[in-house]
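Peer 1: I'd like to ask some things about the structure below.
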Amino acid sequence: MLHFPILIDRRHLMFLIIVKRLLAGIPTLLAVALVVFLILRLVPGDPIRALLSSSPPSPGLEERLRSQLGLDVPIPQQFISFLWDALHGDFGSSYATRQPVTTVIGQQLMPTLQLALAATVLTAVLGITFGVLAATYRNSVLDGAIRLFSLLSTSMPSFWVGLLLIMFIAFQLRLVPATGSGGFDQLILPAITLGLPAAGVVTRIVRNNVLEVLEENFVTALRAKGMSAGTIMLKHVLRSAVIPAVTVVGLQIGVLLAGAVIVEQTFARQGIGKLLVQAILSGDYPVVQGIVLLIAAIYILVNILVDIAYTVIDPRIRMAVRSDA
Amino acid sequence: MSGIVALGVSRFRSLGIRGGRTGNLLALLSALWLLVTLAALIVPGVLAPGDPTDLRPALVFQPPSAENPFGTDQYGRSVYLLLVHGARTAMLVGLASTAIAVTVGALIGLIAGFAGGWVDAVIGRVLDVLMSIPGVLLALVITAGAGSSTGVLIISVGVAFIAGFARVMRAQVLATRERVYIDAARSVGFSGPRILFRHVLPNAITPVIGLATIAVGEAILVASALSFLGLGPRLDVPDWGQLLASGQPFLVQAWWVSTFAGVTISLTVVAVSLLGDWLKDWMEK
């Protein structure tokens with residue numbers, strides 16, 4: 001019976017912490033909106049000119065278009081009305097297709113999310129496995145190979161890795177289709193391309209963490225007590241070494257979403273990355289704004305979730321939070 | 001595009017190549033390769049005499065030969081000439097954008113760490129915001145607004161890296177300012193700026209230099225990615241990323257166009273990374 005009040009207390013506390021963290025993400029997101037809005041409007045370059053560059057010049061058209069798109073009012077006013085509309089779920093309409101931005105993005109969102117998710121899983125699995133293996137067999141040939149993998153995967157341009165995969169796995173071996181989106185077989189190569197650089201980063205961090213933990217006193221004590229190396233690794237080292245890697249995998253999600261822009265282009269895949277490049281090249285600012293905000297929002301949200309997960313996984317942090325509150 | 005710089009995590013990257021014969025040899029090879037790329041930046045005509053933008057319809061897609069060491073592309077341009085002359089864009093973007101990021105970022109970090117209080121809080125929030133837009137994306141948005149050229153590429157990649165440096169610098173300042181000798185300097189009556197530049201800065205500079213070497217490599221990667229997407233310099237300026245992209249549709253007929261461009265970019269980034277690692281170890285000794 002004594003457990004009860006404590007349990008409720010803790011859950012209540014966790015709930016409060018989660019709400020607090022989520023609310024703290026809102027001002028950041030607003031500021032991101034402001035930054036993106038300002039960059040697109042203050043730097044030289046004019047979307048109206050870009051829009052009109054292909055049509056014959058006609059007097060008055062520029063002014064009409066400007067007022068129609070709401071670009072004739074001062075920038076602060078434009079931002080306020082953008083925010084007000086955004087609060088009501090209206091992120092404006094694409095200059096190119098006149099469709100609402102939410103619709104345009106919504107149509108392309110799923111392929112990118114699938115790609116990012118597949119790449120994240122790959123990053124975590126490869127990164128943690130390689131990192132632990134390299135640290136366990138430190139200074140062996142395996143460790144050297146894994147370190148080489150980590151160096152190359154973070155140094156090669158991802159679009160070139162994509163091209164190499166297309167060349168060898170799709171063209172030579174004919175294992176999977178080279179381009180396109182839709183099927184699972186078309187997801188494999190892009191997910192590898194996107195996940196490899198992040199996997200290289202995670203590998204390095206996990207390797208360093210495991211090596212650090214292996215030198216700690218409690219490991220020496222366990223060894224002295226006669227526990228086998230395997231058991232120490234599985235039961236004790238992994239837990240404290242892998243938890244920090246969770247944060248990094250979380251942080252990599254933003255990088256992965258941004259990397260999708262390049263990977264989708266390489267593999268001619270549908271997705272918001274491809275949409276973003278088209279929108280940038282055609283000066284379609286509402287779509288650019290919408291996509292960047294969406295990626296930033298996902299990034300901020302994932303980081304908050306990672307933070308919370310961290311609190312749940314690691315009892316030391318949980319205790320600190322409790323005594324804090 | 002691992003985004004390490006954008007995150008400002010420098011300690012994560014040590015490859016574990018600690019001195020030793022292999023480490024030194026790799027660092028030497030890296031230095032040699034970077035000297036070659038620097039030579040290509042300063043005197044491209046000496047390494048590769050000729051006009052890289054010369055269109056030669058009769059020589060389209062020639063495989064590598066003595067005359068055209070890395071073959072020719074779909075316009076009959078020599079891939080070797082394009083790569084040597086393209087080093088300019090890559091190295092300029094890599095070095096100049098890192099210089100911008102280090103200068104501005106370190107200054108912001110210094111101010112935040114040293115001033116503390118509300119100044120630190122405000123700067124911290126601004127950095128949070130910059131950090132929640134992934135670096136490649138921020139660079140994309142800036143080029144989207146400002147159009148594409150080497151100058152815009154330098155500024156947009158530089159801006160994307162500022163937050164990382166500011167974070168690291170701030171952390172270092174916070175770590176050093178509590179030291180006894182800073183207290184001593186203060187009690188003697190030295191002014192704030194003097195303590196800042198004479199005592200705090202020299203101690204905080206090592207990790208910043210470590211991060212800077214990664215930033216050069218990452219800047220080259222981001223820049224090549226932007227040109228791959230068609231947001232790089234004009235088409236008549238030789239550029240590695242652009243060359244790699246232009247060879248993509250012809251992979252089967254002419255593997256050499258993309259392959260040599262890819263190898264060149266990767267080797268440069270690897271070299272910067274290895275040399276940076278070695279330098280960091282050497283400074284910590």
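Every chain in the structure tokens takes a letter, A first, then B, and so on in the order presented; its residues are numbered from 1, and the ligands are numbered from 1 following the presented order.
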Might you pull out every residue within 12 Å of B:His85, with only C-alpha atoms counted and same-chain residues fewer than 3 positions away left off, and present them as an NGL selection string?

Peer 2: :B and (36-53 or 78-82 or 88-92 or 236-240 or 243)

Peer 1: Put those residues in a file: N, CA and C atoms, as a compact mmCIF listing (two decimals), in the first residue's frame.

Peer 2:
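Heads up, here's the output in part_14.txt:
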```
# COMPACT_ATOMS: atom_id res chain seq x y z
N VAL B 36 48.42 19.40 -52.45
CA VAL B 36 48.07 19.34 -53.88
C VAL B 36 46.79 20.13 -54.15
N THR B 37 45.78 19.96 -53.29
CA THR B 37 44.52 20.70 -53.52
C THR B 37 44.73 22.19 -53.35
N LEU B 38 45.59 22.57 -52.39
CA LEU B 38 45.87 24.00 -52.22
C LEU B 38 46.60 24.55 -53.44
N ALA B 39 47.55 23.74 -53.97
CA ALA B 39 48.24 24.16 -55.19
C ALA B 39 47.23 24.34 -56.32
N ALA B 40 46.25 23.41 -56.39
CA ALA B 40 45.22 23.51 -57.42
C ALA B 40 44.38 24.77 -57.23
N LEU B 41 44.23 25.19 -55.95
CA LEU B 41 43.46 26.40 -55.67
C LEU B 41 44.23 27.64 -56.11
N ILE B 42 45.55 27.64 -55.83
CA ILE B 42 46.33 28.86 -56.08
C ILE B 42 46.83 28.92 -57.53
N VAL B 43 47.44 27.83 -58.00
CA VAL B 43 47.99 27.85 -59.37
C VAL B 43 47.46 26.67 -60.19
N PRO B 44 46.17 26.67 -60.53
CA PRO B 44 45.61 25.53 -61.26
C PRO B 44 46.30 25.33 -62.61
N GLY B 45 46.72 26.43 -63.23
CA GLY B 45 47.32 26.34 -64.57
C GLY B 45 48.61 25.53 -64.59
N VAL B 46 49.33 25.51 -63.44
CA VAL B 46 50.58 24.77 -63.40
C VAL B 46 50.32 23.27 -63.37
N LEU B 47 49.34 22.86 -62.55
CA LEU B 47 49.01 21.44 -62.44
C LEU B 47 48.29 20.94 -63.68
N ALA B 48 47.49 21.80 -64.28
CA ALA B 48 46.67 21.38 -65.42
C ALA B 48 46.56 22.51 -66.41
N PRO B 49 47.56 22.62 -67.28
CA PRO B 49 47.50 23.70 -68.26
C PRO B 49 46.35 23.45 -69.24
N GLY B 50 45.66 24.51 -69.60
CA GLY B 50 44.54 24.36 -70.53
C GLY B 50 43.27 24.95 -69.97
N ASP B 51 42.26 25.08 -70.81
CA ASP B 51 41.00 25.68 -70.40
C ASP B 51 40.00 24.57 -70.06
N PRO B 52 39.60 24.47 -68.76
CA PRO B 52 38.71 23.37 -68.37
C PRO B 52 37.33 23.49 -69.01
N THR B 53 36.95 24.70 -69.43
CA THR B 53 35.59 24.86 -69.96
C THR B 53 35.55 24.73 -71.48
N SER B 78 37.84 17.93 -70.41
CA SER B 78 38.70 17.00 -69.71
C SER B 78 38.33 16.96 -68.22
N VAL B 79 38.03 15.76 -67.71
CA VAL B 79 37.63 15.62 -66.31
C VAL B 79 38.78 16.04 -65.39
N TYR B 80 40.01 15.71 -65.80
CA TYR B 80 41.18 16.08 -64.99
C TYR B 80 41.27 17.61 -64.85
N LEU B 81 41.14 18.32 -65.97
CA LEU B 81 41.19 19.79 -65.92
C LEU B 81 40.08 20.34 -65.03
N LEU B 82 38.87 19.78 -65.20
CA LEU B 82 37.73 20.26 -64.41
C LEU B 82 37.97 20.06 -62.92
N ARG B 88 39.19 25.10 -56.62
CA ARG B 88 39.00 26.47 -56.17
C ARG B 88 37.69 26.64 -55.40
N THR B 89 36.60 26.24 -56.05
CA THR B 89 35.30 26.38 -55.39
C THR B 89 35.26 25.60 -54.08
N ALA B 90 35.66 24.32 -54.17
CA ALA B 90 35.56 23.46 -52.99
C ALA B 90 36.40 24.00 -51.83
N MET B 91 37.67 24.32 -52.10
CA MET B 91 38.55 24.76 -51.03
C MET B 91 38.16 26.14 -50.51
N LEU B 92 37.75 27.03 -51.44
CA LEU B 92 37.32 28.35 -50.99
C LEU B 92 36.13 28.24 -50.07
N ASP B 236 29.27 27.44 -65.77
CA ASP B 236 30.57 27.50 -66.44
C ASP B 236 31.73 27.60 -65.46
N VAL B 237 31.42 27.58 -64.14
CA VAL B 237 32.50 27.54 -63.14
C VAL B 237 32.73 26.07 -62.80
N PRO B 238 33.97 25.56 -62.97
CA PRO B 238 34.21 24.15 -62.65
C PRO B 238 33.96 23.89 -61.17
N ASP B 239 33.25 22.81 -60.89
CA ASP B 239 32.89 22.52 -59.50
C ASP B 239 32.73 21.01 -59.33
N TRP B 240 33.28 20.48 -58.24
CA TRP B 240 33.29 19.03 -58.03
C TRP B 240 31.88 18.43 -57.96
N LEU B 243 30.15 18.43 -61.26
CA LEU B 243 30.70 17.43 -62.18
C LEU B 243 30.15 16.05 -61.84
```

Peer 1: Residues of chain B within 6 Å of chain A, counting only C-alpha atoms - could you list those as an MDAnalysis selection string?

Peer 2: chainID B and resid 2 12 129 132:134 137 144:146 221 262 266 269:270

Peer 1: Could you check how far atom CA of A:Val101 sits from atom CA of A:Arg66, in Å to one decimal?

Peer 2: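 Atom-to-atom, atom CA of A:Val101 to atom CA of A:Arg66, that is 18.3 Å.
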
Peer 1: So, with only C-alpha atoms as the atoms that count, which of A:Ile146, A:Ile18, A:Val287, A:Pro111 lies closest to A:Val132?

Peer 2: A:Ile146

Peer 1: Which value, in Å to one decimal, gives the distance between atom CA of B:Leu138 and atom CA of B:Val222?

Peer 2: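 Result for atom CA of B:Leu138 versus atom CA of B:Val222: 10.9 Å, one decimal.
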
Peer 1: Could you write out, as a PyMOL selection string, all the residues of stretch 21-111 of chain B that DSSP marks as helix (DSSP H, G or I)?

Peer 2: chain B and resi 21-42+44-47+57-59+79-111

Peer 1: Give me a file of those residues, with C-alpha atoms, as a CSV table (one decimal), in the first residue's frame.

Peer 2:
```
chain,number,residue,atom,x,y,z
B,21,ARG,CA,53.6,5.0,-37.1
B,22,THR,CA,50.3,4.4,-39.0
B,23,GLY,CA,48.8,7.6,-37.5
B,24,ASN,CA,51.8,9.7,-38.5
B,25,LEU,CA,52.0,8.2,-42.0
B,26,LEU,CA,48.3,8.8,-42.6
B,27,ALA,CA,48.7,12.4,-41.4
B,28,LEU,CA,51.6,12.9,-43.7
B,29,LEU,CA,49.7,11.5,-46.7
B,30,SER,CA,46.7,13.7,-45.8
B,31,ALA,CA,48.9,16.8,-45.6
B,32,LEU,CA,50.4,15.9,-49.1
B,33,TRP,CA,47.0,15.6,-50.6
B,34,LEU,CA,45.8,18.9,-49.1
B,35,LEU,CA,49.0,20.6,-50.4
B,36,VAL,CA,48.1,19.3,-53.9
B,37,THR,CA,44.5,20.7,-53.5
B,38,LEU,CA,45.9,24.0,-52.2
B,39,ALA,CA,48.2,24.2,-55.2
B,40,ALA,CA,45.2,23.5,-57.4
B,41,LEU,CA,43.5,26.4,-55.7
B,42,ILE,CA,46.3,28.9,-56.1
B,44,PRO,CA,45.6,25.5,-61.3
B,45,GLY,CA,47.3,26.3,-64.6
B,46,VAL,CA,50.6,24.8,-63.4
B,47,LEU,CA,49.0,21.4,-62.4
B,57,PRO,CA,32.3,17.9,-79.4
B,58,ALA,CA,34.7,15.5,-81.1
B,59,LEU,CA,36.0,14.2,-77.8
B,79,VAL,CA,37.6,15.6,-66.3
B,80,TYR,CA,41.2,16.1,-65.0
B,81,LEU,CA,41.2,19.8,-65.9
B,82,LEU,CA,37.7,20.3,-64.4
B,83,LEU,CA,38.8,18.6,-61.2
B,84,VAL,CA,42.0,20.7,-60.8
B,85,HIS,CA,40.2,23.9,-61.6
B,86,GLY,CA,37.2,22.9,-59.5
B,87,ALA,CA,39.4,22.7,-56.4
B,88,ARG,CA,39.0,26.5,-56.2
B,89,THR,CA,35.3,26.4,-55.4
B,90,ALA,CA,35.6,23.5,-53.0
B,91,MET,CA,38.6,24.8,-51.0
B,92,LEU,CA,37.3,28.4,-51.0
B,93,VAL,CA,33.9,27.3,-49.6
B,94,GLY,CA,35.6,24.9,-47.2
B,95,LEU,CA,38.1,27.4,-45.8
B,96,ALA,CA,36.1,30.7,-46.0
B,97,SER,CA,32.9,29.4,-44.6
B,98,THR,CA,34.7,27.8,-41.7
B,99,ALA,CA,36.6,31.0,-41.1
B,100,ILE,CA,33.2,32.9,-40.9
B,101,ALA,CA,31.7,30.3,-38.6
B,102,VAL,CA,34.8,30.2,-36.3
B,103,THR,CA,35.1,34.0,-36.0
B,104,VAL,CA,31.4,34.8,-35.5
B,105,GLY,CA,30.7,31.6,-33.5
B,106,ALA,CA,33.7,31.9,-31.2
B,107,LEU,CA,32.9,35.6,-30.6
B,108,ILE,CA,29.3,34.8,-29.7
B,109,GLY,CA,30.4,32.0,-27.5
B,110,LEU,CA,32.9,34.1,-25.7
B,111,ILE,CA,30.4,36.9,-25.0
```

Peer 1: Fewer than 2 positions away in the same chain doesn't count, so skip those; otherwise give me all residues within 12 Å of stretch 233-245 of chain A, counting only C-alpha atoms, as a VMD selection string.

Peer 2: (chain A and resid 123 to 129 131 to 133 135 to 136 198 to 199 201 to 223 227 to 231 247 to 252 306 to 307 309 to 317) or (chain B and resid 12)

Peer 1: Can you write just those residues out, C-alpha atoms, as a PDB file, in the first residue's frame?

Peer 2:
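Below you can see out.pdb, which holds the result:
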```
ATOM      1  CA  THR A 123      21.613   4.004 -38.140  1.00  0.00           C
ATOM      2  CA  ALA A 124      20.785   2.681 -34.700  1.00  0.00           C
ATOM      3  CA  VAL A 125      21.327  -1.009 -35.494  1.00  0.00           C
ATOM      4  CA  LEU A 126      24.543  -0.577 -37.509  1.00  0.00           C
ATOM      5  CA  GLY A 127      25.956   2.160 -35.277  1.00  0.00           C
ATOM      6  CA  ILE A 128      25.430   0.327 -31.999  1.00  0.00           C
ATOM      7  CA  THR A 129      26.526  -3.091 -33.338  1.00  0.00           C
ATOM      8  CA  GLY A 131      30.528   0.508 -32.049  1.00  0.00           C
ATOM      9  CA  VAL A 132      30.264  -2.324 -29.516  1.00  0.00           C
ATOM     10  CA  LEU A 133      32.173  -4.770 -31.740  1.00  0.00           C
ATOM     11  CA  ALA A 135      35.356  -1.515 -28.675  1.00  0.00           C
ATOM     12  CA  THR A 136      35.200  -5.170 -27.636  1.00  0.00           C
ATOM     13  CA  ALA A 198      24.708   8.810 -39.457  1.00  0.00           C
ATOM     14  CA  ALA A 199      25.680   5.204 -38.689  1.00  0.00           C
ATOM     15  CA  VAL A 201      28.803   8.988 -36.371  1.00  0.00           C
ATOM     16  CA  VAL A 202      26.909   6.691 -33.990  1.00  0.00           C
ATOM     17  CA  THR A 203      29.570   3.970 -34.390  1.00  0.00           C
ATOM     18  CA  ARG A 204      32.262   6.374 -33.260  1.00  0.00           C
ATOM     19  CA  ILE A 205      30.307   7.576 -30.250  1.00  0.00           C
ATOM     20  CA  VAL A 206      29.301   4.089 -29.098  1.00  0.00           C
ATOM     21  CA  ARG A 207      32.893   2.844 -29.522  1.00  0.00           C
ATOM     22  CA  ASN A 208      34.266   5.713 -27.438  1.00  0.00           C
ATOM     23  CA  ASN A 209      31.545   5.319 -24.802  1.00  0.00           C
ATOM     24  CA  VAL A 210      32.065   1.571 -24.416  1.00  0.00           C
ATOM     25  CA  LEU A 211      35.824   2.069 -24.111  1.00  0.00           C
ATOM     26  CA  GLU A 212      35.261   4.734 -21.456  1.00  0.00           C
ATOM     27  CA  VAL A 213      32.842   2.599 -19.446  1.00  0.00           C
ATOM     28  CA  LEU A 214      35.168  -0.429 -19.661  1.00  0.00           C
ATOM     29  CA  GLU A 215      37.751   1.566 -17.740  1.00  0.00           C
ATOM     30  CA  GLU A 216      35.429   2.465 -14.902  1.00  0.00           C
ATOM     31  CA  ASN A 217      35.905   1.053 -11.438  1.00  0.00           C
ATOM     32  CA  PHE A 218      32.711  -0.956 -11.295  1.00  0.00           C
ATOM     33  CA  VAL A 219      33.814  -2.960 -14.343  1.00  0.00           C
ATOM     34  CA  THR A 220      37.139  -3.738 -12.689  1.00  0.00           C
ATOM     35  CA  ALA A 221      35.251  -4.786  -9.572  1.00  0.00           C
ATOM     36  CA  LEU A 222      32.970  -7.102 -11.557  1.00  0.00           C
ATOM     37  CA  ARG A 223      35.985  -8.604 -13.278  1.00  0.00           C
ATOM     38  CA  MET A 227      32.252 -12.308 -13.887  1.00  0.00           C
ATOM     39  CA  SER A 228      32.860 -13.237 -17.533  1.00  0.00           C
ATOM     40  CA  ALA A 229      33.657 -10.540 -20.071  1.00  0.00           C
ATOM     41  CA  GLY A 230      30.508 -11.348 -22.062  1.00  0.00           C
ATOM     42  CA  THR A 231      28.207 -10.968 -19.078  1.00  0.00           C
ATOM     43  CA  THR A 247      20.355  10.977 -27.871  1.00  0.00           C
ATOM     44  CA  VAL A 248      22.650  11.054 -30.841  1.00  0.00           C
ATOM     45  CA  VAL A 249      20.309   8.882 -32.910  1.00  0.00           C
ATOM     46  CA  GLY A 250      17.593  11.383 -31.979  1.00  0.00           C
ATOM     47  CA  LEU A 251      19.746  14.314 -32.989  1.00  0.00           C
ATOM     48  CA  GLN A 252      20.563  12.586 -36.265  1.00  0.00           C
ATOM     49  CA  VAL A 306      14.565  11.733 -26.661  1.00  0.00           C
ATOM     50  CA  ASP A 307      15.059  13.905 -23.611  1.00  0.00           C
ATOM     51  CA  ALA A 309      13.055   8.796 -23.000  1.00  0.00           C
ATOM     52  CA  TYR A 310      16.462   9.498 -21.516  1.00  0.00           C
ATOM     53  CA  THR A 311      14.837  10.391 -18.226  1.00  0.00           C
ATOM     54  CA  VAL A 312      12.905   7.138 -18.278  1.00  0.00           C
ATOM     55  CA  ILE A 313      15.827   4.886 -19.235  1.00  0.00           C
ATOM     56  CA  ASP A 314      18.466   6.283 -16.923  1.00  0.00           C
ATOM     57  CA  PRO A 315      17.494   6.088 -13.257  1.00  0.00           C
ATOM     58  CA  ARG A 316      20.238   8.533 -12.247  1.00  0.00           C
ATOM     59  CA  ILE A 317      18.657  11.308 -14.289  1.00  0.00           C
TER      60      ILE A 317
ATOM     61  CA  PHE B  12      32.737  12.491 -30.485  1.00  0.00           C
TER      62      PHE B  12
END
```

Peer 1: Find the residues around B:Lys280 up to 8 Å (only C-alpha atoms counted), leave out those fewer than 3 positions away in its own chain, and share them as a PyMOL selection string.

Peer 2: chain B and resi 206-207+209-210+276-277+283-284

Peer 1: Figure out the distance between atom CA of A:Ala119 and atom CA of A:Pro190, please, to one decimal in Å.

Peer 2: 8.2 Å

Peer 1: Would you give me, as JSON lines, each residue of stretch 65-89 of chain A having an atom within 12 Å of an atom of stretch 95-100 of chain A, along with its shortest atom pair and that distance in Å to one decimal, using only C-alpha atoms and sorting by chain and residue number?

Peer 2:
```
{"residue": "A:Leu65", "atom": "CA", "partner": "A:Tyr95", "partner_atom": "CA", "distance": 10.1}
{"residue": "A:Arg66", "atom": "CA", "partner": "A:Tyr95", "partner_atom": "CA", "distance": 11.1}
{"residue": "A:Gln68", "atom": "CA", "partner": "A:Tyr95", "partner_atom": "CA", "distance": 10.6}
{"residue": "A:Leu69", "atom": "CA", "partner": "A:Tyr95", "partner_atom": "CA", "distance": 8.1}
{"residue": "A:Gly70", "atom": "CA", "partner": "A:Tyr95", "partner_atom": "CA", "distance": 11.5}
{"residue": "A:Leu71", "atom": "CA", "partner": "A:Tyr95", "partner_atom": "CA", "distance": 11.9}
{"residue": "A:Asp85", "atom": "CA", "partner": "A:Pro100", "partner_atom": "CA", "distance": 11.8}
{"residue": "A:Ala86", "atom": "CA", "partner": "A:Pro100", "partner_atom": "CA", "distance": 11.6}
{"residue": "A:Gly89", "atom": "CA", "partner": "A:Pro100", "partner_atom": "CA", "distance": 10.2}
```

Peer 1: For those residues, write N, CA and C atoms to a file as a tab-separated table (two decimals), in the first residue's frame.

Peer 2:
```tsv
chain	number	residue	atom	x	y	z
A	65	LEU	N	-0.26	40.72	-58.97
A	65	LEU	CA	0.19	39.46	-58.39
A	65	LEU	C	0.69	39.69	-56.97
A	66	ARG	N	1.45	40.78	-56.81
A	66	ARG	CA	2.01	41.11	-55.51
A	66	ARG	C	0.91	41.26	-54.45
A	68	GLN	N	-2.16	40.18	-54.71
A	68	GLN	CA	-2.91	38.93	-54.61
A	68	GLN	C	-2.22	37.95	-53.65
A	69	LEU	N	-0.88	37.92	-53.68
A	69	LEU	CA	-0.13	37.00	-52.84
A	69	LEU	C	0.19	37.62	-51.47
A	70	GLY	N	-0.29	38.85	-51.26
A	70	GLY	CA	-0.09	39.48	-49.96
A	70	GLY	C	1.33	39.96	-49.73
A	71	LEU	N	2.06	40.21	-50.82
A	71	LEU	CA	3.45	40.63	-50.67
A	71	LEU	C	3.60	42.15	-50.73
A	85	ASP	N	-2.72	32.83	-39.70
A	85	ASP	CA	-3.26	31.78	-40.57
A	85	ASP	C	-2.72	30.42	-40.17
A	86	ALA	N	-1.42	30.37	-39.85
A	86	ALA	CA	-0.79	29.10	-39.50
A	86	ALA	C	-1.46	28.49	-38.26
A	89	GLY	N	-4.19	26.47	-39.11
A	89	GLY	CA	-3.89	25.35	-40.00
A	89	GLY	C	-3.74	25.75	-41.45
```
